[in-house]
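Here is the file protein.txt (compact mmCIF, C-alpha atoms (C1' of nucleotides)).
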```txt
# COMPACT_ATOMS: atom_id res chain seq x y z
CA MET A 4 -14.44 -16.20 -115.85
CA ARG A 5 -15.08 -13.40 -118.26
CA ILE A 6 -13.19 -10.18 -118.75
CA SER A 7 -15.15 -7.89 -116.45
CA GLU A 8 -14.97 -10.33 -113.58
CA LEU A 9 -11.23 -10.70 -113.98
CA ALA A 10 -10.86 -6.95 -114.15
CA ARG A 11 -12.84 -6.62 -110.95
CA GLN A 12 -10.84 -9.24 -109.08
CA ALA A 13 -7.53 -7.88 -110.28
CA GLY A 14 -8.46 -4.28 -109.68
CA THR A 15 -8.22 -3.05 -113.22
CA THR A 16 -10.37 -2.54 -116.32
CA PRO A 17 -11.40 -4.68 -119.28
CA ARG A 18 -9.65 -2.23 -121.55
CA ALA A 19 -6.34 -2.82 -119.79
CA LEU A 20 -6.76 -6.60 -120.01
CA ARG A 21 -7.37 -6.38 -123.76
CA TYR A 22 -4.29 -4.23 -124.01
CA TYR A 23 -2.22 -6.80 -122.10
CA GLU A 24 -3.44 -9.47 -124.49
CA GLU A 25 -2.56 -7.30 -127.46
CA GLN A 26 0.94 -7.01 -126.01
CA GLY A 27 1.22 -10.76 -125.61
CA LEU A 28 0.98 -10.82 -121.82
CA LEU A 29 -2.25 -12.83 -121.68
CA ARG A 30 -3.67 -15.56 -123.92
CA PRO A 31 -7.22 -16.19 -122.77
CA ALA A 32 -9.25 -18.97 -124.35
CA ARG A 33 -12.20 -18.02 -126.51
CA LEU A 34 -15.76 -19.23 -126.20
CA ALA A 35 -17.80 -20.06 -129.27
CA SER A 36 -19.33 -16.61 -128.99
CA GLY A 37 -15.94 -15.00 -129.25
CA TYR A 38 -15.95 -14.02 -125.58
CA ARG A 39 -12.63 -14.27 -123.76
CA HIS A 40 -12.43 -16.95 -121.07
CA TYR A 41 -9.88 -16.61 -118.24
CA GLU A 42 -8.70 -19.22 -115.76
CA PRO A 43 -8.82 -18.24 -112.07
CA GLN A 44 -5.03 -18.06 -111.88
CA ALA A 45 -5.10 -15.20 -114.36
CA VAL A 46 -5.87 -12.97 -111.37
CA GLY A 47 -2.40 -13.58 -110.02
CA THR A 48 -0.86 -13.11 -113.41
CA VAL A 49 -2.52 -9.75 -113.83
CA ARG A 50 -1.36 -8.71 -110.39
CA HIS A 51 2.19 -9.61 -111.37
CA ILE A 52 1.82 -7.54 -114.51
CA GLN A 53 0.62 -4.53 -112.60
CA LEU A 54 3.42 -4.85 -110.10
CA LEU A 55 6.08 -5.00 -112.78
CA LEU A 56 4.48 -2.15 -114.66
CA SER A 57 4.48 -0.02 -111.55
CA ALA A 58 8.16 -0.87 -111.24
CA GLY A 59 8.77 0.77 -114.56
CA LEU A 60 9.09 -2.32 -116.75
CA ASN A 61 7.40 -1.96 -120.11
CA THR A 62 5.15 -4.58 -121.62
CA THR A 63 7.93 -5.91 -123.83
CA ALA A 64 10.16 -6.63 -120.85
CA ILE A 65 7.27 -8.14 -118.93
CA ALA A 66 6.43 -10.36 -121.87
CA GLU A 67 9.92 -11.80 -121.61
CA ILE A 68 9.84 -12.20 -117.86
CA LEU A 69 6.28 -13.30 -117.23
CA PRO A 70 6.66 -16.86 -118.50
CA CYS A 71 9.19 -17.46 -115.75
CA ILE A 72 6.85 -16.55 -112.95
CA PRO A 73 5.49 -19.55 -111.00
CA ASP A 74 1.75 -20.28 -110.88
CA ASP A 75 1.52 -19.03 -114.40
CA VAL A 76 0.41 -21.38 -117.09
CA THR A 77 -1.39 -18.77 -119.09
CA VAL A 78 1.60 -18.05 -121.25
CA LEU A 79 3.88 -20.66 -122.76
CA ALA A 80 7.40 -20.55 -121.39
CA PRO A 81 10.27 -19.98 -123.81
CA THR A 82 13.80 -20.92 -122.80
CA CYS A 83 13.90 -19.45 -119.35
CA PRO A 84 17.55 -19.57 -118.30
CA GLU A 85 18.55 -17.31 -121.15
CA LEU A 86 16.50 -14.57 -119.55
CA LEU A 87 18.72 -14.31 -116.50
CA ASP A 88 20.62 -11.47 -118.12
CA ALA A 89 17.45 -9.56 -118.91
CA LEU A 90 16.27 -10.11 -115.37
CA ALA A 91 19.53 -8.78 -114.00
CA VAL A 92 19.32 -5.76 -116.26
CA GLU A 93 15.85 -4.93 -115.03
CA ARG A 94 16.92 -5.53 -111.47
CA ASN A 95 19.71 -3.02 -111.88
CA ARG A 96 17.34 -0.57 -113.48
CA ILE A 97 15.06 -0.85 -110.49
CA THR A 98 17.91 -0.43 -108.04
CA THR A 99 19.05 2.67 -109.89
CA SER A 100 15.52 4.02 -109.75
CA ILE A 101 15.30 3.37 -106.05
CA ASP A 102 18.57 5.21 -105.51
CA ARG A 103 17.36 8.18 -107.49
CA LEU A 104 14.11 8.23 -105.61
CA ALA A 105 15.94 8.07 -102.31
CA ALA A 106 18.16 10.97 -103.38
CA ALA A 107 15.14 13.01 -104.40
CA ARG A 108 13.43 12.19 -101.12
CA ALA A 109 16.54 13.35 -99.29
CA VAL A 110 16.27 16.66 -101.10
CA LEU A 111 12.65 17.00 -100.06
CA ASP A 112 13.57 16.03 -96.52
CA ARG A 113 16.13 18.81 -96.36
CA LEU A 114 13.50 21.23 -97.60
CA ILE A 115 10.94 20.02 -95.10
CA GLN A 116 13.53 20.32 -92.34
CA ALA A 117 14.47 23.83 -93.37
CA GLY A 118 10.86 24.83 -93.84
CA SER A 119 9.52 23.59 -90.53
CA GLY A 120 12.67 24.64 -88.73
CA ALA A 121 12.45 28.23 -89.94
CA ARG A 122 8.91 28.64 -88.64
CA ASP A 123 9.61 31.10 -85.82
CA GLN A 124 13.06 32.28 -86.72
CA PRO A 125 13.11 35.44 -88.87
CA MET B 16 26.87 30.98 -120.35
CA ARG B 17 24.63 30.19 -123.26
CA ILE B 18 22.13 27.42 -123.68
CA SER B 19 24.29 24.77 -125.33
CA GLU B 20 27.01 25.15 -122.76
CA LEU B 21 24.55 24.79 -119.91
CA ALA B 22 23.03 21.77 -121.58
CA ARG B 23 26.46 20.23 -121.88
CA GLN B 24 27.42 20.89 -118.28
CA ALA B 25 24.10 19.66 -116.95
CA GLY B 26 23.98 16.63 -119.21
CA THR B 27 20.87 17.50 -121.14
CA THR B 28 19.77 19.27 -124.33
CA PRO B 29 18.92 22.84 -125.28
CA ARG B 30 15.42 21.69 -126.11
CA ALA B 31 14.89 20.46 -122.57
CA LEU B 32 16.16 23.72 -121.10
CA ARG B 33 13.75 25.73 -123.26
CA TYR B 34 11.02 23.42 -122.11
CA TYR B 35 11.94 23.98 -118.46
CA GLU B 36 11.77 27.70 -119.05
CA GLU B 37 8.39 27.34 -120.73
CA GLN B 38 7.23 25.50 -117.62
CA GLY B 39 8.51 28.28 -115.37
CA LEU B 40 11.44 26.32 -113.92
CA LEU B 41 14.12 28.61 -115.30
CA ARG B 42 14.24 32.36 -115.95
CA PRO B 43 17.44 33.07 -117.84
CA ALA B 44 18.41 36.64 -118.66
CA ARG B 45 18.35 37.73 -122.28
CA LEU B 46 21.12 39.37 -124.26
CA ALA B 47 20.37 42.17 -126.68
CA SER B 48 20.42 39.57 -129.44
CA GLY B 49 17.65 37.61 -127.77
CA TYR B 50 20.05 34.85 -126.72
CA ARG B 51 19.44 33.31 -123.32
CA HIS B 52 22.10 33.97 -120.68
CA TYR B 53 22.49 31.58 -117.73
CA GLU B 54 24.38 32.06 -114.49
CA PRO B 55 26.82 29.29 -113.51
CA GLN B 56 24.58 28.18 -110.65
CA ALA B 57 21.94 27.23 -113.18
CA VAL B 58 23.88 23.99 -113.61
CA GLY B 59 22.93 22.95 -110.10
CA THR B 60 19.36 24.06 -110.60
CA VAL B 61 19.03 21.94 -113.72
CA ARG B 62 20.51 18.97 -111.91
CA HIS B 63 17.88 19.41 -109.19
CA ILE B 64 15.19 19.53 -111.84
CA GLN B 65 16.38 16.33 -113.46
CA LEU B 66 16.61 14.59 -110.11
CA LEU B 67 13.07 15.53 -109.17
CA LEU B 68 11.79 14.63 -112.62
CA SER B 69 13.41 11.21 -112.37
CA ALA B 70 11.67 10.86 -109.03
CA GLY B 71 8.35 11.18 -110.78
CA LEU B 72 7.53 14.79 -109.93
CA ASN B 73 6.02 16.71 -112.80
CA THR B 74 7.11 20.17 -113.84
CA THR B 75 4.20 21.79 -112.01
CA ALA B 76 5.21 20.25 -108.70
CA ILE B 77 8.84 21.11 -109.30
CA ALA B 78 7.89 24.68 -110.09
CA GLU B 79 6.37 24.91 -106.62
CA ILE B 80 9.26 23.24 -104.89
CA LEU B 81 12.25 24.60 -106.77
CA PRO B 82 12.16 28.10 -105.28
CA CYS B 83 12.75 26.55 -101.86
CA ILE B 84 15.94 24.83 -102.84
CA PRO B 85 19.09 26.56 -101.53
CA ASP B 86 21.68 27.97 -103.93
CA ASP B 87 18.90 28.87 -106.25
CA VAL B 88 18.36 32.50 -107.05
CA THR B 89 17.27 31.92 -110.60
CA VAL B 90 13.62 31.84 -109.69
CA LEU B 91 11.92 34.20 -107.29
CA ALA B 92 10.72 32.52 -104.13
CA PRO B 93 7.01 32.58 -103.27
CA THR B 94 5.87 31.96 -99.71
CA CYS B 95 7.86 28.88 -98.90
CA PRO B 96 6.43 27.58 -95.60
CA GLU B 97 3.03 27.09 -97.15
CA LEU B 98 4.51 24.41 -99.37
CA LEU B 99 5.21 22.00 -96.53
CA ASP B 100 2.05 20.07 -97.32
CA ALA B 101 2.92 19.73 -100.98
CA LEU B 102 6.41 18.62 -100.00
CA ALA B 103 5.02 15.99 -97.67
CA VAL B 104 2.65 14.75 -100.36
CA GLU B 105 5.48 14.31 -102.82
CA ARG B 106 7.62 12.72 -100.16
CA ASN B 107 4.93 10.14 -99.52
CA ARG B 108 4.53 9.56 -103.23
CA ILE B 109 8.24 8.85 -103.48
CA THR B 110 8.17 6.51 -100.52
CA THR B 111 5.28 4.61 -102.06
CA SER B 112 7.20 4.35 -105.30
CA ILE B 113 10.25 3.05 -103.52
CA ASP B 114 8.13 0.40 -101.82
CA ARG B 115 6.62 -0.69 -105.10
CA LEU B 116 10.01 -0.84 -106.73
CA ALA B 117 11.39 -2.87 -103.85
CA ALA B 118 8.47 -5.30 -104.13
CA ALA B 119 9.02 -5.69 -107.85
CA ARG B 120 12.71 -6.18 -107.30
CA ALA B 121 11.92 -8.89 -104.79
CA VAL B 122 9.89 -10.66 -107.46
CA LEU B 123 12.80 -10.46 -109.86
CA ASP B 124 15.13 -11.69 -107.16
CA ARG B 125 12.99 -14.76 -106.64
CA LEU B 126 13.03 -15.39 -110.37
CA ILE B 127 16.78 -14.96 -110.57
CA GLN B 128 17.21 -17.29 -107.61
CA ALA B 129 14.96 -19.91 -109.14
CA GLY B 130 16.55 -19.49 -112.54
CA SER B 131 20.18 -19.76 -111.48
CA GLY B 132 19.34 -22.44 -108.93
CA ALA B 133 17.71 -24.69 -111.51
CA ARG B 134 20.77 -24.62 -113.72
CA ASP B 135 21.98 -28.16 -113.16
CA GLN B 136 18.90 -29.74 -111.70
CA PRO B 137 16.58 -31.35 -114.28
C1' DC C 25 -39.60 -12.02 -126.95
C1' DT C 26 -37.48 -8.25 -125.36
C1' DA C 27 -34.68 -5.28 -122.66
C1' DA C 28 -30.60 -4.90 -119.90
C1' DA C 29 -26.18 -6.02 -119.37
C1' DC C 30 -22.75 -8.09 -121.10
C1' DC C 31 -19.20 -8.87 -124.90
C1' DT C 32 -16.54 -8.00 -129.58
C1' DT C 33 -13.34 -5.20 -132.85
C1' DG C 34 -11.79 -0.76 -134.46
C1' DC C 35 -10.03 3.46 -134.00
C1' DC C 36 -9.14 8.04 -132.28
C1' DG C 37 -7.89 10.80 -127.87
C1' DT C 38 -4.90 11.75 -123.76
C1' DT C 39 -0.85 12.92 -120.96
C1' DG C 40 4.20 14.56 -120.16
C1' DA C 41 8.61 15.51 -121.42
C1' DC C 42 10.66 16.28 -124.66
C1' DG C 43 12.54 15.20 -130.28
C1' DT C 44 12.75 17.10 -134.71
C1' DG C 45 12.75 19.89 -138.41
C1' DA C 46 11.66 24.67 -140.63
C1' DA C 47 12.61 29.44 -141.40
C1' DG C 48 15.23 32.88 -140.11
C1' DG C 49 18.51 36.12 -137.04
C1' DT C 50 23.56 36.45 -134.76
C1' DC C 51 28.35 36.00 -133.99
C1' DA C 52 33.41 34.72 -134.49
C1' DA C 53 36.94 33.46 -137.72
C1' DG C 54 39.22 33.86 -141.91
C1' DC D 30 32.08 39.63 -146.45
C1' DT D 31 31.02 35.23 -146.21
C1' DT D 32 30.81 30.81 -144.11
C1' DG D 33 29.57 27.92 -140.44
C1' DA D 34 28.23 27.37 -135.88
C1' DC D 35 25.47 29.20 -132.94
C1' DC D 36 20.88 31.06 -131.49
C1' DT D 37 15.59 32.32 -131.86
C1' DT D 38 10.44 31.03 -132.19
C1' DC D 39 6.78 28.21 -134.07
C1' DA D 40 4.69 23.95 -134.57
C1' DC D 41 4.00 19.18 -135.40
C1' DG D 42 5.69 14.21 -134.01
C1' DT D 43 6.69 10.54 -130.52
C1' DC D 44 6.01 6.92 -127.06
C1' DA D 45 3.41 4.03 -123.49
C1' DA D 46 -0.44 2.57 -121.29
C1' DC D 47 -4.36 2.87 -121.50
C1' DG D 48 -9.55 5.83 -121.82
C1' DG D 49 -13.63 6.33 -124.42
C1' DC D 50 -16.80 5.84 -128.00
C1' DA D 51 -19.17 3.63 -131.90
C1' DA D 52 -21.45 -0.17 -134.19
C1' DG D 53 -22.76 -4.39 -133.65
C1' DG D 54 -23.25 -9.50 -131.65
C1' DT D 55 -24.52 -12.45 -127.08
C1' DT D 56 -26.46 -13.84 -122.87
C1' DT D 57 -29.65 -13.77 -119.28
C1' DA D 58 -33.66 -12.38 -116.47
C1' DG D 59 -38.44 -11.66 -116.65
```

This structure in structure tokens:
Amino acid sequence: MRISELARQAGTTPRALRYYEEQGLLRPARLASGYRHYEPQAVGTVRHIQLLLSAGLNTTAIAEILPCIPDDVTVLAPTCPELLDALAVERNRITTSIDRLAAARAVLDRLIQAGSGARDQP
Amino acid sequence: MRISELARQAGTTPRALRYYEEQGLLRPARLASGYRHYEPQAVGTVRHIQLLLSAGLNTTAIAEILPCIPDDVTVLAPTCPELLDALAVERNRITTSIDRLAAARAVLDRLIQAGSGARDQP
DNA sequence: CTAAACCTTGCCGTTGACGTGAAGGTCAAG
DNA sequence: CTTGACCTTCACGTCAACGGCAAGGTTTAG
């Protein structure tokens, strides 16, 4: 498939896919015309990328992690086991983020409580 | 207290505090010299700001919410109850973020499982 | 054969929360 | 009174993940 079709199926834009390639996250084949050619499984790969991005990982971290993800032959796999540390680091980062978010949500909850509770009590 | 001391106690930088003021999050008094003067409770206010920022709220949203937070007299309070909608919106945003982070963490967990499991199994 | 609808590379623009000097006023110690 | 550590206000720089546009090649439908 070509870039627009992949973008459509993965729910993103051609521009983003070119950016991912520039960052080493995708390695599409090239047709004689120069057009990029993607395998069907690239859809899953892109979805993984988006998920990890939305989790706050940057493209560098994803580039290290992505080769380890199953159903992904798009990128060659370096020595995987050595990445366990990096994976753990990112996992901790995510957990920390979740904790902070939960704390912030608790603050908002207190405010919402106070706000809706004080409706008819001058 | 002056700006550097507040920055130290709140774990941030003078630059950030000036930025918060520029965004309407802080309203320190001014000495005759032009120096900013902060009340001790500003430490808590700044901590709230950082927490909400780390939760993905932008300074505009925080500026709306901050006046509602107890122990905060630094900023004048607009009509608070009307903000319940905005609070709920942000709350939902945070919940969505938490869900995404949890999903991403689950992906990492699978990778870590697979990685450490495949240690001695060629 | 031609127009529409793709695709390519290249490069500048955007957004948010600051970092980083620059140029100058202020304050406490000696 | 002078030195050094503060402070002030500009004002430009940064970083990440793209958006958008230009100038040109390609493919496909009619």

Chain B fitted onto chain A, all C-alpha pairs in order, as an mmCIF file with C-alpha atoms, in the frame of the given file:
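The result, written out as part-v2.cif:
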```cif
data_model
loop_
_atom_site.group_PDB
_atom_site.id
_atom_site.type_symbol
_atom_site.label_atom_id
_atom_site.label_comp_id
_atom_site.auth_asym_id
_atom_site.auth_seq_id
_atom_site.Cartn_x
_atom_site.Cartn_y
_atom_site.Cartn_z
ATOM 1 C CA MET B 16 -14.422 -15.803 -115.516
ATOM 2 C CA ARG B 17 -15.038 -13.075 -118.025
ATOM 3 C CA ILE B 18 -13.127 -9.901 -118.634
ATOM 4 C CA SER B 19 -15.018 -7.501 -116.381
ATOM 5 C CA GLU B 20 -14.847 -9.855 -113.452
ATOM 6 C CA LEU B 21 -11.114 -10.306 -113.862
ATOM 7 C CA ALA B 22 -10.678 -6.572 -114.156
ATOM 8 C CA ARG B 23 -12.611 -6.110 -110.950
ATOM 9 C CA GLN B 24 -10.662 -8.722 -109.026
ATOM 10 C CA ALA B 25 -7.326 -7.459 -110.281
ATOM 11 C CA GLY B 26 -8.185 -3.810 -109.786
ATOM 12 C CA THR B 27 -7.952 -2.693 -113.371
ATOM 13 C CA THR B 28 -10.119 -2.240 -116.472
ATOM 14 C CA PRO B 29 -11.212 -4.455 -119.348
ATOM 15 C CA ARG B 30 -9.406 -2.125 -121.709
ATOM 16 C CA ALA B 31 -6.116 -2.744 -119.943
ATOM 17 C CA LEU B 32 -6.611 -6.505 -120.045
ATOM 18 C CA ARG B 33 -7.265 -6.402 -123.797
ATOM 19 C CA TYR B 34 -4.152 -4.327 -124.137
ATOM 20 C CA TYR B 35 -2.116 -6.871 -122.169
ATOM 21 C CA GLU B 36 -3.393 -9.577 -124.463
ATOM 22 C CA GLU B 37 -2.497 -7.503 -127.508
ATOM 23 C CA GLN B 38 1.009 -7.231 -126.081
ATOM 24 C CA GLY B 39 1.215 -10.993 -125.592
ATOM 25 C CA LEU B 40 1.006 -10.925 -121.787
ATOM 26 C CA LEU B 41 -2.244 -12.854 -121.573
ATOM 27 C CA ARG B 42 -3.750 -15.636 -123.693
ATOM 28 C CA PRO B 43 -7.303 -16.158 -122.500
ATOM 29 C CA ALA B 44 -9.410 -18.943 -123.971
ATOM 30 C CA ARG B 45 -12.365 -18.005 -126.137
ATOM 31 C CA LEU B 46 -15.957 -19.126 -125.780
ATOM 32 C CA ALA B 47 -18.020 -20.000 -128.819
ATOM 33 C CA SER B 48 -19.466 -16.499 -128.635
ATOM 34 C CA GLY B 49 -16.026 -14.961 -128.960
ATOM 35 C CA TYR B 50 -16.010 -13.891 -125.309
ATOM 36 C CA ARG B 51 -12.698 -14.163 -123.503
ATOM 37 C CA HIS B 52 -12.508 -16.765 -120.733
ATOM 38 C CA TYR B 53 -9.931 -16.393 -117.943
ATOM 39 C CA GLU B 54 -8.776 -18.934 -115.392
ATOM 40 C CA PRO B 55 -8.833 -17.831 -111.736
ATOM 41 C CA GLN B 56 -5.039 -17.734 -111.593
ATOM 42 C CA ALA B 57 -5.084 -14.955 -114.152
ATOM 43 C CA VAL B 58 -5.776 -12.621 -111.232
ATOM 44 C CA GLY B 59 -2.300 -13.264 -109.889
ATOM 45 C CA THR B 60 -0.773 -12.934 -113.322
ATOM 46 C CA VAL B 61 -2.378 -9.541 -113.821
ATOM 47 C CA ARG B 62 -1.176 -8.424 -110.416
ATOM 48 C CA HIS B 63 2.361 -9.418 -111.419
ATOM 49 C CA ILE B 64 1.986 -7.442 -114.618
ATOM 50 C CA GLN B 65 0.850 -4.337 -112.788
ATOM 51 C CA LEU B 66 3.662 -4.654 -110.278
ATOM 52 C CA LEU B 67 6.293 -4.914 -112.981
ATOM 53 C CA LEU B 68 4.714 -2.092 -114.954
ATOM 54 C CA SER B 69 4.773 0.137 -111.886
ATOM 55 C CA ALA B 70 8.431 -0.767 -111.556
ATOM 56 C CA GLY B 71 9.066 0.768 -114.937
ATOM 57 C CA LEU B 72 9.295 -2.389 -117.035
ATOM 58 C CA ASN B 73 7.580 -2.106 -120.379
ATOM 59 C CA THR B 74 5.262 -4.723 -121.799
ATOM 60 C CA THR B 75 8.005 -6.161 -124.001
ATOM 61 C CA ALA B 76 10.260 -6.838 -121.033
ATOM 62 C CA ILE B 77 7.375 -8.249 -119.043
ATOM 63 C CA ALA B 78 6.463 -10.516 -121.924
ATOM 64 C CA GLU B 79 9.937 -12.022 -121.674
ATOM 65 C CA ILE B 80 9.890 -12.322 -117.927
ATOM 66 C CA LEU B 81 6.310 -13.324 -117.220
ATOM 67 C CA PRO B 82 6.601 -16.914 -118.445
ATOM 68 C CA CYS B 83 9.197 -17.521 -115.736
ATOM 69 C CA ILE B 84 6.946 -16.505 -112.909
ATOM 70 C CA PRO B 85 5.568 -19.453 -110.899
ATOM 71 C CA ASP B 86 1.829 -20.125 -110.738
ATOM 72 C CA ASP B 87 1.560 -18.929 -114.262
ATOM 73 C CA VAL B 88 0.375 -21.354 -116.874
ATOM 74 C CA THR B 89 -1.476 -18.797 -118.914
ATOM 75 C CA VAL B 90 1.457 -18.175 -121.187
ATOM 76 C CA LEU B 91 3.702 -20.841 -122.627
ATOM 77 C CA ALA B 92 7.230 -20.714 -121.290
ATOM 78 C CA PRO B 93 10.127 -20.165 -123.701
ATOM 79 C CA THR B 94 13.652 -21.125 -122.693
ATOM 80 C CA CYS B 95 13.819 -19.558 -119.284
ATOM 81 C CA PRO B 96 17.497 -19.750 -118.253
ATOM 82 C CA GLU B 97 18.535 -17.628 -121.190
ATOM 83 C CA LEU B 98 16.640 -14.730 -119.671
ATOM 84 C CA LEU B 99 18.951 -14.371 -116.688
ATOM 85 C CA ASP B 100 20.776 -11.517 -118.379
ATOM 86 C CA ALA B 101 17.583 -9.645 -119.136
ATOM 87 C CA LEU B 102 16.466 -10.195 -115.555
ATOM 88 C CA ALA B 103 19.726 -8.821 -114.229
ATOM 89 C CA VAL B 104 19.468 -5.799 -116.508
ATOM 90 C CA GLU B 105 16.004 -4.991 -115.243
ATOM 91 C CA ARG B 106 17.093 -5.614 -111.693
ATOM 92 C CA ASN B 107 19.867 -3.074 -112.084
ATOM 93 C CA ARG B 108 17.474 -0.628 -113.681
ATOM 94 C CA ILE B 109 15.198 -0.950 -110.673
ATOM 95 C CA THR B 110 18.051 -0.496 -108.246
ATOM 96 C CA THR B 111 19.141 2.635 -110.075
ATOM 97 C CA SER B 112 15.602 3.939 -109.914
ATOM 98 C CA ILE B 113 15.401 3.267 -106.217
ATOM 99 C CA ASP B 114 18.640 5.175 -105.693
ATOM 100 C CA ARG B 115 17.376 8.131 -107.665
ATOM 101 C CA LEU B 116 14.119 8.131 -105.777
ATOM 102 C CA ALA B 117 15.949 7.969 -102.469
ATOM 103 C CA ALA B 118 18.135 10.911 -103.504
ATOM 104 C CA ALA B 119 15.106 12.942 -104.499
ATOM 105 C CA ARG B 120 13.387 12.045 -101.275
ATOM 106 C CA ALA B 121 16.436 13.228 -99.384
ATOM 107 C CA VAL B 122 16.119 16.580 -101.130
ATOM 108 C CA LEU B 123 12.490 16.811 -100.110
ATOM 109 C CA ASP B 124 13.402 15.820 -96.586
ATOM 110 C CA ARG B 125 15.873 18.670 -96.369
ATOM 111 C CA LEU B 126 13.209 21.044 -97.623
ATOM 112 C CA ILE B 127 10.659 19.752 -95.150
ATOM 113 C CA GLN B 128 13.204 20.059 -92.357
ATOM 114 C CA ALA B 129 14.091 23.597 -93.337
ATOM 115 C CA GLY B 130 10.463 24.516 -93.840
ATOM 116 C CA SER B 131 9.108 23.199 -90.553
ATOM 117 C CA GLY B 132 12.210 24.351 -88.698
ATOM 118 C CA ALA B 133 11.837 27.941 -89.861
ATOM 119 C CA ARG B 134 8.291 28.142 -88.581
ATOM 120 C CA ASP B 135 8.864 30.428 -85.622
ATOM 121 C CA GLN B 136 12.240 31.845 -86.463
ATOM 122 C CA PRO B 137 12.127 35.101 -88.467
#
```

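For the point (-29.5, -7.1, -123.9), the residues with at least one atom inside 9 Å, counting only C-alpha atoms (C1' of nucleotides), are C:DT26, C:DA27, C:DA28, C:DA29, C:DC30, D:DT55, D:DT56, D:DT57.
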
### Message
Residues of chain A within 10 Å of chain C, counting all atoms listed in the file - could you list those as a PyMOL selection string?
### Response
chain A and resi 5-7+36-39

Distance limit 10 Å, atoms considered: only C-alpha atoms. Which chain B residues sit that close to chain A? Return them as a PDB file with C-alpha atoms, in the frame of the given file.
```
ATOM      1  CA  HIS B  63      17.880  19.410-109.190  1.00  0.00           C
ATOM      2  CA  ILE B  64      15.190  19.530-111.840  1.00  0.00           C
ATOM      3  CA  GLN B  65      16.380  16.330-113.460  1.00  0.00           C
ATOM      4  CA  LEU B  66      16.610  14.590-110.110  1.00  0.00           C
ATOM      5  CA  LEU B  67      13.070  15.530-109.170  1.00  0.00           C
ATOM      6  CA  LEU B  68      11.790  14.630-112.620  1.00  0.00           C
ATOM      7  CA  SER B  69      13.410  11.210-112.370  1.00  0.00           C
ATOM      8  CA  ALA B  70      11.670  10.860-109.030  1.00  0.00           C
ATOM      9  CA  GLY B  71       8.350  11.180-110.780  1.00  0.00           C
ATOM     10  CA  LEU B  72       7.530  14.790-109.930  1.00  0.00           C
ATOM     11  CA  ILE B  80       9.260  23.240-104.890  1.00  0.00           C
ATOM     12  CA  LEU B  81      12.250  24.600-106.770  1.00  0.00           C
ATOM     13  CA  CYS B  83      12.750  26.550-101.860  1.00  0.00           C
ATOM     14  CA  ILE B  84      15.940  24.830-102.840  1.00  0.00           C
ATOM     15  CA  PRO B  85      19.090  26.560-101.530  1.00  0.00           C
ATOM     16  CA  CYS B  95       7.860  28.880 -98.900  1.00  0.00           C
ATOM     17  CA  PRO B  96       6.430  27.580 -95.600  1.00  0.00           C
ATOM     18  CA  GLU B  97       3.030  27.090 -97.150  1.00  0.00           C
ATOM     19  CA  LEU B  98       4.510  24.410 -99.370  1.00  0.00           C
ATOM     20  CA  LEU B  99       5.210  22.000 -96.530  1.00  0.00           C
ATOM     21  CA  ASP B 100       2.050  20.070 -97.320  1.00  0.00           C
ATOM     22  CA  ALA B 101       2.920  19.730-100.980  1.00  0.00           C
ATOM     23  CA  LEU B 102       6.410  18.620-100.000  1.00  0.00           C
ATOM     24  CA  ALA B 103       5.020  15.990 -97.670  1.00  0.00           C
ATOM     25  CA  GLU B 105       5.480  14.310-102.820  1.00  0.00           C
ATOM     26  CA  ARG B 106       7.620  12.720-100.160  1.00  0.00           C
ATOM     27  CA  ASN B 107       4.930  10.140 -99.520  1.00  0.00           C
ATOM     28  CA  ARG B 108       4.530   9.560-103.230  1.00  0.00           C
ATOM     29  CA  ILE B 109       8.240   8.850-103.480  1.00  0.00           C
ATOM     30  CA  THR B 110       8.170   6.510-100.520  1.00  0.00           C
ATOM     31  CA  SER B 112       7.200   4.350-105.300  1.00  0.00           C
ATOM     32  CA  ILE B 113      10.250   3.050-103.520  1.00  0.00           C
ATOM     33  CA  ASP B 114       8.130   0.400-101.820  1.00  0.00           C
ATOM     34  CA  ARG B 115       6.620  -0.690-105.100  1.00  0.00           C
ATOM     35  CA  LEU B 116      10.010  -0.840-106.730  1.00  0.00           C
ATOM     36  CA  ALA B 117      11.390  -2.870-103.850  1.00  0.00           C
ATOM     37  CA  ALA B 118       8.470  -5.300-104.130  1.00  0.00           C
ATOM     38  CA  ALA B 119       9.020  -5.690-107.850  1.00  0.00           C
ATOM     39  CA  ARG B 120      12.710  -6.180-107.300  1.00  0.00           C
ATOM     40  CA  ALA B 121      11.920  -8.890-104.790  1.00  0.00           C
ATOM     41  CA  VAL B 122       9.890 -10.660-107.460  1.00  0.00           C
ATOM     42  CA  LEU B 123      12.800 -10.460-109.860  1.00  0.00           C
ATOM     43  CA  ASP B 124      15.130 -11.690-107.160  1.00  0.00           C
ATOM     44  CA  ARG B 125      12.990 -14.760-106.640  1.00  0.00           C
ATOM     45  CA  LEU B 126      13.030 -15.390-110.370  1.00  0.00           C
ATOM     46  CA  ILE B 127      16.780 -14.960-110.570  1.00  0.00           C
ATOM     47  CA  GLN B 128      17.210 -17.290-107.610  1.00  0.00           C
ATOM     48  CA  ALA B 129      14.960 -19.910-109.140  1.00  0.00           C
ATOM     49  CA  GLY B 130      16.550 -19.490-112.540  1.00  0.00           C
ATOM     50  CA  SER B 131      20.180 -19.760-111.480  1.00  0.00           C
ATOM     51  CA  GLY B 132      19.340 -22.440-108.930  1.00  0.00           C
ATOM     52  CA  ALA B 133      17.710 -24.690-111.510  1.00  0.00           C
ATOM     53  CA  ARG B 134      20.770 -24.620-113.720  1.00  0.00           C
TER      54      ARG B 134
END
```

### Query
Restricting the calculation to all atoms listed in the file, which member of B:Val61, B:Val104, B:Ala78, B:Leu46 is positioned closest to chain D?
B:Leu46

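The nearest approach to chain B among the residues D:DG42, D:DT37, D:DG54, D:DG49, with all atoms listed in the file taken into account, belongs to D:DT37.
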